[in-house]
>>> print(open('structure.txt').read())   # compact mmCIF, C-alpha atoms
# COMPACT_ATOMS: atom_id res chain seq x y z
CA MET S 1 -35.88 68.68 -63.03
CA GLU S 2 -32.47 67.02 -62.73
CA GLU S 3 -31.86 68.82 -59.47
CA THR S 4 -35.06 67.32 -58.02
CA ARG S 5 -33.97 63.84 -59.08
CA VAL S 6 -30.57 64.25 -57.47
CA ILE S 7 -32.10 65.53 -54.25
CA GLU S 8 -34.51 62.59 -54.08
CA VAL S 9 -31.74 60.06 -54.59
CA LYS S 10 -29.57 61.88 -52.05
CA GLU S 11 -32.30 61.87 -49.39
CA GLU S 12 -32.87 58.16 -49.84
CA ILE S 13 -29.15 57.47 -49.55
CA LEU S 14 -28.86 59.72 -46.49
CA ALA S 15 -31.75 57.93 -44.75
CA GLU S 16 -30.17 54.52 -45.37
CA ASN S 17 -26.82 55.88 -44.22
CA THR S 18 -28.28 57.22 -40.97
CA ALA S 19 -29.97 53.89 -40.19
CA ALA S 20 -26.68 52.06 -40.72
CA ALA S 21 -24.89 54.69 -38.61
CA ASP S 22 -27.30 54.22 -35.70
CA ALA S 23 -26.77 50.45 -35.77
CA PHE S 24 -22.98 50.83 -35.89
CA ARG S 25 -23.02 53.37 -33.04
CA ALA S 26 -25.02 51.00 -30.83
CA LYS S 27 -22.79 48.03 -31.67
CA LEU S 28 -19.60 49.90 -30.77
CA ALA S 29 -21.14 51.28 -27.55
CA ALA S 30 -22.05 47.71 -26.53
CA GLU S 31 -18.41 46.72 -27.08
CA GLY S 32 -17.18 49.66 -24.99
CA CYS S 33 -15.56 51.27 -28.01
CA TYR S 34 -15.92 55.08 -28.00
CA TYR S 35 -15.82 56.34 -31.57
CA VAL S 36 -14.99 59.90 -32.63
CA ASP S 37 -15.17 61.42 -36.13
CA ILE S 38 -12.59 64.16 -36.72
CA MET S 39 -13.30 66.63 -39.54
CA SER S 40 -11.59 69.78 -40.89
CA SER S 41 -10.19 71.53 -43.92
CA PRO S 42 -7.09 70.04 -45.51
CA GLY S 43 -4.00 70.80 -43.47
CA ALA S 44 -5.71 71.88 -40.23
CA GLY S 45 -3.61 69.36 -38.31
CA LYS S 46 -5.82 66.29 -37.85
CA THR S 47 -3.00 63.75 -38.01
CA THR S 48 -0.67 65.77 -35.76
CA LEU S 49 -3.45 66.20 -33.18
CA LEU S 50 -4.24 62.48 -33.34
CA LEU S 51 -0.59 61.65 -32.67
CA ALA S 52 -0.67 63.96 -29.62
CA LEU S 53 -3.94 62.39 -28.37
CA ILE S 54 -2.54 58.90 -28.86
CA GLU S 55 0.30 59.75 -26.46
CA ARG S 56 -2.27 60.67 -23.76
CA LEU S 57 -4.89 57.98 -24.39
CA ARG S 58 -2.76 54.91 -25.07
CA LYS S 59 -2.26 54.51 -21.29
CA GLN S 60 -6.07 54.41 -20.87
CA GLY S 61 -6.86 51.75 -23.43
CA GLN S 62 -6.52 50.33 -26.92
CA ILE S 63 -6.78 52.77 -29.82
CA GLY S 64 -7.64 52.18 -33.48
CA ILE S 65 -7.59 54.73 -36.28
CA ILE S 66 -9.38 54.87 -39.62
CA GLU S 67 -7.58 57.25 -41.97
CA ALA S 68 -9.70 58.47 -44.87
CA ASP S 69 -8.24 60.06 -47.97
CA LEU S 70 -9.21 60.43 -51.61
CA GLU S 71 -6.30 58.18 -52.48
CA SER S 72 -3.04 57.89 -50.54
CA PHE S 73 -1.38 56.27 -47.56
CA VAL S 74 0.49 59.27 -46.16
CA ASP S 75 -1.42 59.55 -42.87
CA SER S 76 -1.95 55.89 -41.97
CA LYS S 77 1.80 55.39 -42.35
CA LYS S 78 2.44 58.07 -39.68
CA ILE S 79 -0.09 56.46 -37.30
CA LYS S 80 1.32 52.97 -37.77
CA GLU S 81 4.79 54.34 -37.07
CA ALA S 82 3.40 55.36 -33.66
CA GLY S 83 2.54 51.70 -33.07
CA ILE S 84 -1.24 52.13 -33.36
CA PRO S 85 -3.47 49.93 -35.57
CA ALA S 86 -4.61 51.99 -38.56
CA VAL S 87 -6.71 51.20 -41.58
CA GLN S 88 -6.42 53.38 -44.66
CA LEU S 89 -9.76 54.14 -46.25
CA GLU S 90 -9.49 55.38 -49.82
CA THR S 91 -12.71 57.00 -50.97
CA ASN S 92 -11.75 56.87 -54.67
CA ASN S 93 -12.18 60.62 -55.01
CA ILE S 94 -15.54 60.73 -53.23
CA CYS S 95 -15.72 63.89 -51.12
CA HIS S 96 -17.02 62.33 -47.89
CA VAL S 97 -17.05 59.12 -45.86
CA GLU S 98 -20.28 57.12 -45.61
CA MET S 99 -21.26 54.03 -43.65
CA GLY S 100 -20.40 51.40 -46.26
CA MET S 101 -16.83 52.69 -46.16
CA VAL S 102 -16.72 52.75 -42.35
CA GLU S 103 -18.02 49.17 -42.16
CA SER S 104 -15.38 47.98 -44.67
CA ALA S 105 -12.64 49.73 -42.72
CA TRP S 106 -13.93 48.23 -39.46
CA ARG S 107 -13.85 44.73 -40.95
CA ALA S 108 -10.28 45.33 -42.06
CA PHE S 109 -9.23 45.50 -38.39
CA GLY S 110 -10.04 41.77 -38.27
CA GLY S 111 -11.83 41.65 -34.92
CA GLN S 112 -9.36 43.73 -32.89
CA ARG S 113 -10.99 45.31 -29.81
CA PHE S 114 -10.60 49.04 -29.13
CA ASP S 115 -11.50 51.40 -26.30
CA TYR S 116 -11.18 54.37 -28.64
CA LEU S 117 -11.75 54.48 -32.37
CA PHE S 118 -10.98 57.63 -34.35
CA LEU S 119 -11.97 58.39 -37.91
CA GLU S 120 -9.78 60.98 -39.59
CA ASN S 121 -12.32 62.15 -42.16
CA ILE S 122 -11.57 63.63 -45.62
CA GLY S 123 -10.11 67.15 -45.48
CA ASN S 124 -13.32 68.95 -46.45
CA LEU S 125 -15.36 71.44 -44.42
CA VAL S 126 -18.49 70.97 -46.53
CA CYS S 127 -19.65 67.51 -47.59
CA PRO S 128 -18.75 65.37 -44.53
CA ALA S 129 -21.24 67.43 -42.48
CA ASP S 130 -24.08 65.66 -44.37
CA PHE S 131 -23.01 62.09 -43.68
CA ASP S 132 -23.39 60.43 -40.30
CA THR S 133 -20.39 58.11 -39.89
CA GLY S 134 -21.84 56.27 -36.89
CA ALA S 135 -19.59 58.07 -34.39
CA HIS S 136 -20.47 58.84 -30.76
CA ARG S 137 -18.95 62.28 -31.08
CA ARG S 138 -18.17 64.45 -34.10
CA VAL S 139 -15.53 67.14 -33.77
CA MET S 140 -14.07 69.68 -36.17
CA LEU S 141 -10.70 71.39 -36.26
CA LEU S 142 -10.18 74.98 -37.35
CA SER S 143 -6.55 76.07 -37.55
CA VAL S 144 -5.53 79.62 -36.72
CA PRO S 145 -3.87 80.25 -40.13
CA GLU S 146 -7.24 79.58 -41.83
CA GLY S 147 -8.73 82.64 -40.15
CA TYR S 148 -11.52 83.02 -37.60
CA ASP S 149 -14.29 84.02 -40.05
CA LYS S 150 -15.39 80.52 -41.04
CA VAL S 151 -18.64 80.04 -39.09
CA TYR S 152 -20.76 82.02 -41.54
CA LYS S 153 -18.99 80.44 -44.52
CA TYR S 154 -19.37 76.79 -43.50
CA PRO S 155 -22.38 76.81 -41.15
CA PRO S 156 -23.52 73.16 -41.55
CA MET S 157 -20.24 71.82 -40.20
CA PHE S 158 -20.18 74.19 -37.23
CA ALA S 159 -23.83 73.32 -36.52
CA ILE S 160 -23.48 69.53 -36.36
CA VAL S 161 -20.28 69.00 -34.35
CA ASP S 162 -20.02 68.40 -30.59
CA ALA S 163 -16.71 70.19 -30.27
CA LEU S 164 -14.69 72.82 -32.12
CA ILE S 165 -10.95 72.38 -31.69
CA VAL S 166 -9.01 75.49 -32.60
CA THR S 167 -5.57 74.21 -33.63
CA LYS S 168 -2.13 75.75 -34.25
CA ILE S 169 -2.66 78.41 -31.57
CA ASP S 170 1.12 78.95 -31.64
CA TYR S 171 0.33 80.94 -34.84
CA LEU S 172 -1.78 83.48 -32.94
CA PRO S 173 1.03 86.05 -32.52
CA LEU S 174 1.43 86.03 -36.32
CA ASN S 175 -2.31 86.49 -36.86
CA PRO S 176 -3.29 89.59 -34.90
CA ASP S 177 -6.57 89.68 -36.87
CA PHE S 178 -7.66 86.28 -35.55
CA ASP S 179 -10.60 87.23 -33.31
CA MET S 180 -10.96 84.27 -30.95
CA ALA S 181 -13.79 85.88 -28.96
CA ALA S 182 -15.80 86.49 -32.15
CA LEU S 183 -15.20 82.88 -33.27
CA HIS S 184 -16.51 81.55 -29.93
CA GLU S 185 -19.52 83.82 -30.09
CA GLN S 186 -20.42 83.12 -33.73
CA ALA S 187 -20.00 79.37 -33.27
CA ARG S 188 -22.16 79.29 -30.13
CA VAL S 189 -24.96 81.32 -31.74
CA LEU S 190 -25.20 78.53 -34.31
CA ASN S 191 -24.52 75.70 -31.86
CA PRO S 192 -25.19 76.67 -28.23
CA GLY S 193 -23.97 73.40 -26.70
CA LEU S 194 -20.65 73.44 -28.54
CA LYS S 195 -17.50 72.61 -26.55
CA ILE S 196 -14.52 74.68 -27.67
CA PHE S 197 -10.88 73.73 -27.15
CA GLU S 198 -7.80 75.74 -28.08
CA VAL S 199 -4.78 73.55 -28.69
CA CYS S 200 -1.29 73.38 -30.10
CA ALA S 201 -0.39 69.78 -30.88
CA ARG S 202 3.26 70.68 -31.38
CA THR S 203 3.75 72.15 -27.88
CA GLY S 204 1.00 70.04 -26.28
CA GLU S 205 -0.92 73.09 -25.03
CA GLY S 206 -4.59 72.24 -24.45
CA VAL S 207 -4.22 68.58 -25.49
CA ASP S 208 -4.65 67.25 -21.94
CA GLU S 209 -8.02 69.01 -21.62
CA LEU S 210 -9.18 67.53 -24.91
CA ALA S 211 -8.00 64.03 -23.91
CA ALA S 212 -9.84 64.41 -20.58
CA TRP S 213 -13.05 65.36 -22.41
CA LEU S 214 -12.76 62.23 -24.57
CA GLN S 215 -12.18 60.04 -21.49
CA GLU S 216 -15.22 61.57 -19.80
CA GLY S 217 -17.27 60.94 -22.93
CA ARG S 218 -16.24 57.28 -22.92
CA ASP S 219 -16.98 56.95 -19.19
CA GLN S 220 -20.46 58.42 -19.71
CA MET S 221 -21.11 56.06 -22.59
CA LEU S 222 -20.11 53.06 -20.44
CA ALA S 223 -22.21 54.27 -17.48
CA TYR S 224 -25.22 54.79 -19.75
CA ASP S 225 -24.82 51.35 -21.21
CA MET W 1 -27.68 49.95 -57.16
CA GLU W 2 -28.22 53.38 -55.71
CA GLU W 3 -24.61 54.23 -56.37
CA THR W 4 -25.06 53.43 -60.06
CA ARG W 5 -28.13 55.67 -60.25
CA VAL W 6 -26.28 58.56 -58.64
CA ILE W 7 -23.33 58.15 -60.99
CA GLU W 8 -25.60 58.13 -64.04
CA VAL W 9 -27.40 61.28 -62.95
CA LYS W 10 -24.06 62.91 -62.10
CA GLU W 11 -22.59 62.11 -65.51
CA GLU W 12 -25.58 63.58 -67.28
CA ILE W 13 -25.42 66.74 -65.17
CA LEU W 14 -21.67 67.03 -65.74
CA ALA W 15 -22.11 66.73 -69.52
CA GLU W 16 -24.76 69.47 -69.55
CA ASN W 17 -22.59 71.59 -67.28
CA THR W 18 -19.58 71.23 -69.57
CA ALA W 19 -21.61 72.22 -72.63
CA ALA W 20 -22.86 75.33 -70.83
CA ALA W 21 -19.30 76.07 -69.64
CA ASP W 22 -17.93 75.90 -73.21
CA ALA W 23 -20.59 78.32 -74.44
CA PHE W 24 -19.94 80.75 -71.58
CA ARG W 25 -16.17 80.57 -72.14
CA ALA W 26 -16.59 81.42 -75.82
CA LYS W 27 -19.00 84.27 -75.09
CA LEU W 28 -16.64 85.91 -72.58
CA ALA W 29 -13.64 85.48 -74.89
CA ALA W 30 -15.56 87.24 -77.67
CA GLU W 31 -16.22 90.13 -75.26
CA GLY W 32 -12.52 90.31 -74.32
CA CYS W 33 -13.25 89.22 -70.75
CA TYR W 34 -10.58 86.88 -69.36
CA TYR W 35 -12.15 84.68 -66.70
CA VAL W 36 -10.22 82.84 -63.96
CA ASP W 37 -11.60 80.34 -61.42
CA ILE W 38 -9.72 80.39 -58.07
CA MET W 39 -10.00 77.30 -55.88
CA SER W 40 -8.48 76.19 -52.56
CA SER W 41 -9.15 74.87 -49.06
CA PRO W 42 -10.92 77.21 -46.66
CA GLY W 43 -8.57 79.87 -45.36
CA ALA W 44 -5.80 79.47 -47.93
CA GLY W 45 -6.00 83.18 -48.69
CA LYS W 46 -8.13 83.52 -51.82
CA THR W 47 -9.70 86.86 -50.89
CA THR W 48 -6.43 88.38 -49.69
CA LEU W 49 -4.70 87.30 -52.90
CA LEU W 50 -7.56 88.73 -54.98
CA LEU W 51 -7.21 92.07 -53.20
CA ALA W 52 -3.47 92.08 -53.99
CA LEU W 53 -4.13 91.17 -57.65
CA ILE W 54 -6.78 93.88 -57.94
CA GLU W 55 -4.16 96.46 -56.97
CA ARG W 56 -1.96 95.31 -59.89
CA LEU W 57 -4.64 94.66 -62.52
CA ARG W 58 -7.02 97.58 -62.01
CA LYS W 59 -4.63 99.80 -63.99
CA GLN W 60 -4.89 97.35 -66.92
CA GLY W 61 -8.66 97.15 -67.13
CA GLN W 62 -12.04 96.64 -65.54
CA ILE W 63 -12.34 93.84 -62.98
CA GLY W 64 -15.40 91.94 -61.75
CA ILE W 65 -15.51 89.34 -58.98
CA ILE W 66 -17.94 86.52 -58.25
CA GLU W 67 -17.64 85.46 -54.62
CA ALA W 68 -19.05 82.02 -53.89
CA ASP W 69 -19.85 80.80 -50.39
CA LEU W 70 -22.26 78.31 -48.83
CA GLU W 71 -24.09 81.27 -47.31
CA SER W 72 -22.52 84.59 -46.28
CA PHE W 73 -21.40 87.95 -47.57
CA VAL W 74 -18.08 88.25 -45.75
CA ASP W 75 -15.83 88.17 -48.82
CA SER W 76 -17.89 90.20 -51.30
CA LYS W 77 -18.02 92.98 -48.71
CA LYS W 78 -14.20 93.12 -48.63
CA ILE W 79 -14.03 93.26 -52.43
CA LYS W 80 -16.67 95.98 -52.71
CA GLU W 81 -14.76 98.01 -50.12
CA ALA W 82 -11.85 97.94 -52.58
CA GLY W 83 -14.18 99.59 -55.10
CA ILE W 84 -14.56 96.57 -57.38
CA PRO W 85 -17.92 95.23 -58.61
CA ALA W 86 -18.66 91.99 -56.79
CA VAL W 87 -21.58 89.58 -56.87
CA GLN W 88 -22.12 87.24 -53.95
CA LEU W 89 -23.09 83.76 -55.02
CA GLU W 90 -24.64 81.70 -52.24
CA THR W 91 -24.67 78.01 -53.10
CA ASN W 92 -27.22 77.14 -50.36
CA ASN W 93 -24.83 74.63 -48.83
CA ILE W 94 -23.96 72.96 -52.13
CA CYS W 95 -20.27 72.03 -52.11
CA HIS W 96 -19.30 73.35 -55.53
CA VAL W 97 -20.19 76.00 -58.13
CA GLU W 98 -21.84 74.92 -61.39
CA MET W 99 -22.83 76.78 -64.55
CA GLY W 100 -26.39 77.69 -63.58
CA MET W 101 -24.96 79.58 -60.61
CA VAL W 102 -22.26 81.29 -62.70
CA GLU W 103 -24.85 82.43 -65.25
CA SER W 104 -27.10 83.86 -62.51
CA ALA W 105 -24.17 85.70 -60.96
CA TRP W 106 -23.13 87.02 -64.37
CA ARG W 107 -26.65 88.36 -65.02
CA ALA W 108 -26.54 90.08 -61.62
CA PHE W 109 -23.75 92.34 -62.93
CA GLY W 110 -26.42 93.85 -65.17
CA GLY W 111 -24.42 94.13 -68.39
CA GLN W 112 -21.24 95.65 -66.94
CA ARG W 113 -18.19 94.97 -69.16
CA PHE W 114 -15.00 93.50 -67.66
CA ASP W 115 -11.48 92.79 -68.88
CA TYR W 116 -10.93 90.35 -66.03
CA LEU W 117 -13.52 88.25 -64.23
CA PHE W 118 -12.53 86.20 -61.19
CA LEU W 119 -14.59 83.51 -59.49
CA GLU W 120 -13.62 82.88 -55.88
CA ASN W 121 -14.87 79.32 -55.65
CA ILE W 122 -16.13 77.52 -52.50
CA GLY W 123 -13.33 76.66 -50.04
CA ASN W 124 -13.12 72.97 -50.91
CA LEU W 125 -10.22 71.05 -52.40
CA VAL W 126 -12.40 68.15 -53.55
CA CYS W 127 -15.74 68.78 -55.26
CA PRO W 128 -15.05 71.93 -57.34
CA ALA W 129 -12.48 69.93 -59.34
CA ASP W 130 -15.39 68.06 -61.00
CA PHE W 131 -17.32 71.10 -62.21
CA ASP W 132 -16.21 73.22 -65.15
CA THR W 133 -17.21 76.80 -64.32
CA GLY W 134 -16.62 78.13 -67.85
CA ALA W 135 -13.33 79.82 -66.93
CA HIS W 136 -10.40 80.37 -69.30
CA ARG W 137 -7.97 79.41 -66.56
CA ARG W 138 -8.43 77.45 -63.34
CA VAL W 139 -5.94 77.97 -60.53
CA MET W 140 -5.59 76.56 -57.03
CA LEU W 141 -4.01 77.96 -53.90
CA LEU W 142 -2.15 75.87 -51.34
CA SER W 143 -1.07 77.76 -48.24
CA VAL W 144 2.18 76.89 -46.47
CA PRO W 145 0.48 76.21 -43.09
CA GLU W 146 -1.61 73.45 -44.73
CA GLY W 147 1.55 71.44 -45.40
CA TYR W 148 3.22 70.37 -48.62
CA ASP W 149 1.91 66.77 -48.69
CA LYS W 150 -1.39 67.50 -50.40
CA VAL W 151 -0.82 66.30 -54.00
CA TYR W 152 -1.37 62.63 -53.18
CA LYS W 153 -4.34 63.45 -50.92
CA TYR W 154 -6.27 65.66 -53.38
CA PRO W 155 -5.01 64.52 -56.79
CA PRO W 156 -8.02 65.54 -58.95
CA MET W 157 -7.64 69.21 -58.04
CA PHE W 158 -3.88 69.26 -58.68
CA ALA W 159 -4.47 67.46 -61.99
CA ILE W 160 -7.01 69.86 -63.52
CA VAL W 161 -5.61 73.30 -62.67
CA ASP W 162 -3.43 75.47 -64.92
CA ALA W 163 -1.50 76.98 -62.02
CA LEU W 164 -0.65 76.15 -58.42
CA ILE W 165 -0.19 79.24 -56.27
CA VAL W 166 1.65 78.50 -53.04
CA THR W 167 0.44 81.20 -50.63
CA LYS W 168 1.56 82.51 -47.22
CA ILE W 169 5.24 81.84 -47.98
CA ASP W 170 6.05 84.19 -45.08
CA TYR W 171 5.16 81.16 -42.92
CA LEU W 172 8.00 79.06 -44.37
CA PRO W 173 10.47 79.83 -41.54
CA LEU W 174 7.88 78.45 -39.06
CA ASN W 175 7.36 75.32 -41.15
CA PRO W 176 10.81 73.77 -41.62
CA ASP W 177 9.10 70.52 -42.72
CA PHE W 178 7.45 72.20 -45.72
CA ASP W 179 9.31 70.56 -48.62
CA MET W 180 8.78 72.98 -51.52
CA ALA W 181 10.94 70.96 -53.92
CA ALA W 182 8.90 67.81 -53.21
CA LEU W 183 5.65 69.73 -53.72
CA HIS W 184 6.84 71.01 -57.13
CA GLU W 185 7.98 67.53 -58.14
CA GLN W 186 4.85 65.68 -56.98
CA ALA W 187 2.54 68.26 -58.56
CA ARG W 188 4.37 68.15 -61.90
CA VAL W 189 4.37 64.34 -62.05
CA LEU W 190 0.57 64.59 -61.95
CA ASN W 191 0.34 67.70 -64.10
CA PRO W 192 3.45 68.28 -66.24
CA GLY W 193 2.33 71.61 -67.72
CA LEU W 194 1.50 73.14 -64.33
CA LYS W 195 2.68 76.71 -63.67
CA ILE W 196 3.77 77.18 -60.05
CA PHE W 197 3.90 80.52 -58.24
CA GLU W 198 5.10 81.20 -54.70
CA VAL W 199 3.50 84.29 -53.20
CA CYS W 200 2.83 86.23 -50.04
CA ALA W 201 -0.15 88.52 -50.54
CA ARG W 202 0.62 90.41 -47.32
CA THR W 203 4.14 91.45 -48.38
CA GLY W 204 3.39 91.36 -52.12
CA GLU W 205 6.17 88.86 -52.82
CA GLY W 206 5.48 86.98 -56.06
CA VAL W 207 2.22 88.79 -56.81
CA ASP W 208 3.69 90.80 -59.73
CA GLU W 209 4.74 87.58 -61.47
CA LEU W 210 1.26 86.14 -61.04
CA ALA W 211 -0.39 89.33 -62.32
CA ALA W 212 1.96 89.29 -65.34
CA TRP W 213 0.96 85.69 -66.11
CA LEU W 214 -2.72 86.68 -66.03
CA GLN W 215 -2.09 89.63 -68.34
CA GLU W 216 -0.21 87.38 -70.76
CA GLY W 217 -3.09 84.92 -70.65
CA ARG W 218 -5.55 87.65 -71.55
CA ASP W 219 -3.29 88.97 -74.35
CA GLN W 220 -3.04 85.47 -75.82
CA MET W 221 -6.80 85.05 -75.64
CA LEU W 222 -7.32 88.36 -77.50
CA ALA W 223 -4.67 87.51 -80.13
CA TYR W 224 -6.24 84.08 -80.71
CA ASP W 225 -9.66 85.61 -81.07
>>> encode(input="structure.txt", output="structure tokens")
Amino acid sequence: MEETRVIEVKEEILAENTAAADAFRAKLAAEGCYYVDIMSSPGAGKTTLLLALIERLRKQGQIGIIEADLESFVDSKKIKEAGIPAVQLETNNICHVEMGMVESAWRAFGGQRFDYLFLENIGNLVCPADFDTGAHRRVMLLSVPEGYDKVYKYPPMFAIVDALIVTKIDYLPLNPDFDMAALHEQARVLNPGLKIFEVCARTGEGVDELAAWLQEGRDQMLAYD
Amino acid sequence: MEETRVIEVKEEILAENTAAADAFRAKLAAEGCYYVDIMSSPGAGKTTLLLALIERLRKQGQIGIIEADLESFVDSKKIKEAGIPAVQLETNNICHVEMGMVESAWRAFGGQRFDYLFLENIGNLVCPADFDTGAHRRVMLLSVPEGYDKVYKYPPMFAIVDALIVTKIDYLPLNPDFDMAALHEQARVLNPGLKIFEVCARTGEGVDELAAWLQEGRDQMLAYD
């Protein structure tokens, strides 16, 4: 009984969230702002990868970052130190980001114009998969130390993203069991159109390719518009 | 409005869940079965640590394992290969384990008697913190590659556990930024009674101490009963 009630309420909330997400997506596209939602487990390297991407993309245009956390300012501080506008979004212990939060964060930028907007989502491989955050592209990170066998454990996330970014590939020599070929295969069975990148943000390996994919995505959005 | 409705339903469900958890906890204590809930991010090493603990504890008594995942049998297969009874609990993409699921898994053991029961919870550092699973002790893993700065990002989890188990300490030389002293301090500000272990399941470092703590916990439970 209770379960049915919760599911009904959840579906209603999800439908409203998706409508708001579609409107936000269209608004940002019209402004030329390409918006990417970055998801992963805790500690997969979202902030470090963002800092590496900022170095590549800041020559191409203005960047803004929304940093989501249950409660804390650790990550937005790092981004601001890189000279990039960042808004900290505290979810008050909610396990995902939804559109009301994104819209508040967006307003907090006070009308600044961006070519690229990134949302660093909550470190959670489960719940954020359910909530459209209005982004043009959704990507997930999987770090090598987490292990390659995550597709079958967290299928919704692997199914809904546009790109899988395998991070911390400098750890591969320490993880001889990490079966990269199996990861590619399992992920593409679930999500045939998935782009897969292998990167190390510390050494910069693979980051140029990822930055190029983001630039292409923005160019396509502008051409389509 | 909707948010209020969801919170009301959630509070009611949590209250029922806690009542069921208390009853389950008492029942297992009366049977001499010491039950531990293991939580962490995906890929922090829960299954590998369990396999190392099994090696130590199987001489002390019978062990049973409940393996929770969104949908998959990867982990329970590994446990069964070690010759330990394991029940796979698929949450059907729900982000946490609650008592109805625990009770179903328990029934699936078909009346087997255990001295130790472990629940390998969903890989999620957020939602499982809210749901009492009826365990005598709740522990969390944090792996070195995830980084030490997680207390302020996931405070509810750090606040409710009895022990923090820092795993993959063989990665410390590769992570000179991992500030173990700061982690201990930040975690204990939030949770003064927290036990902290530093382990490497691959080399066995620290696993004996953790196994000894679990044995002590069981002995205390039996003495109290």
>>> residues_around(input="structure.txt", residues="Glu67 (chain W)", least_positions_apart="4", cutoff="8 Å", atoms="only C-alpha atoms", output="list of chain:residue names")
W:Asp75, W:Ser76, W:Ala86, W:Val87, W:Gln88, W:Leu89, W:Leu119, W:Glu120, W:Asn121
>>> interface_residues(input="structure.txt", of="chain W", to="chain S", cutoff="8 Å", atoms="all atoms listed in the file", output="PyMOL selection string")
chain W and resi 2+6+9+13+41-45+69-72+74+93+95+123-127+145-147+150+152-156
>>> residues_around(input="structure.txt", residues="region 100-104 of chain S", least_positions_apart="6", cutoff="9 Å", atoms="only C-alpha atoms", output="count of residues only")
10
>>> closest_residue(input="structure.txt", among="W:Asp179, W:Glu205, W:Glu98, W:Asp115", to="Ile63 (chain W)", atoms="all atoms listed in the file")
W:Asp115
>>> closest_residue(input="structure.txt", among="W:Phe158, W:Val97, W:Ala187, W:Leu117", to="Gly61 (chain W)", atoms="all atoms listed in the file")
W:Leu117
>>> residues_around(input="structure.txt", residues="Thr48 (chain S)", least_positions_apart="3", cutoff="9 Å", atoms="only C-alpha atoms", output="list in words")
Gly45, Leu51, Ala52, Leu53, Ala201 and Arg202 of chain S
>>> residues_near_point(input="structure.txt", point="(-3.3, 97.9, -67.0)", cutoff="12 Å", atoms="all atoms listed in the file", output="PyMOL selection string")
chain W and resi 53-63+115-116+211-212+214-216+218-219
>>> residues_near_point(input="structure.txt", point="(-2.3, 70.3, -64.0)", cutoff="6 Å", atoms="only C-alpha atoms", output="list in words")
Phe158, Ala159, Ile160, Val161, Asp162, Asn191 and Leu194 of chain W
>>> atom_distance(input="structure.txt", atom1="CA of Ala163 (chain S)", atom2="CA of Leu210 (chain S)")
9.6 Å
>>> residues_around(input="structure.txt", residues="Asp37 (chain S)", least_positions_apart="5", cutoff="6 Å", atoms="only C-alpha atoms", output="list in words")
Phe118, Leu119, Ala135 and Arg138 of chain S
>>> axis_aligned_box(input="structure.txt", around="region 16-25 of chain S", padding_each_side="3 Å", output="lines of an AutoDock Vina configuration file")
center_x = -26.6
center_y = 53.8
center_z = -39.2
size_x = 13.2
size_y = 12.8
size_z = 18.3
>>> atom_distance(input="structure.txt", atom1="CA of Tyr34 (chain S)", atom2="CA of Met221 (chain S)")
7.6 Å
>>> atom_distance(input="structure.txt", atom1="CA of Ile165 (chain S)", atom2="CA of Lys195 (chain S)")
8.3 Å
>>> build_atoms(input="structure.txt", residues="region 110-117 of chain S", atoms="N, CA, C and O atoms", output="tab-separated table (two decimals), in the frame of the given file")
chain	number	residue	atom	x	y	z
S	110	GLY	N	-10.07	43.21	-38.55
S	110	GLY	CA	-10.04	41.77	-38.27
S	110	GLY	C	-10.38	41.39	-36.83
S	110	GLY	O	-9.74	40.51	-36.24
S	111	GLY	N	-11.37	42.07	-36.25
S	111	GLY	CA	-11.83	41.65	-34.92
S	111	GLY	C	-11.03	42.21	-33.75
S	111	GLY	O	-11.27	41.83	-32.60
S	112	GLN	N	-10.07	43.08	-34.01
S	112	GLN	CA	-9.36	43.73	-32.89
S	112	GLN	C	-10.36	44.52	-32.06
S	112	GLN	O	-11.32	45.07	-32.57
S	113	ARG	N	-10.10	44.61	-30.74
S	113	ARG	CA	-10.99	45.31	-29.81
S	113	ARG	C	-10.35	46.64	-29.42
S	113	ARG	O	-9.17	46.69	-29.11
S	114	PHE	N	-11.14	47.72	-29.47
S	114	PHE	CA	-10.60	49.04	-29.13
S	114	PHE	C	-11.44	49.71	-28.04
S	114	PHE	O	-12.65	49.50	-27.97
S	115	ASP	N	-10.78	50.54	-27.25
S	115	ASP	CA	-11.50	51.40	-26.30
S	115	ASP	C	-11.84	52.73	-26.96
S	115	ASP	O	-12.82	53.38	-26.61
S	116	TYR	N	-10.97	53.13	-27.88
S	116	TYR	CA	-11.18	54.37	-28.64
S	116	TYR	C	-10.98	54.09	-30.12
S	116	TYR	O	-9.98	53.47	-30.50
S	117	LEU	N	-11.92	54.55	-30.92
S	117	LEU	CA	-11.75	54.48	-32.37
S	117	LEU	C	-11.88	55.90	-32.92
S	117	LEU	O	-12.84	56.60	-32.59
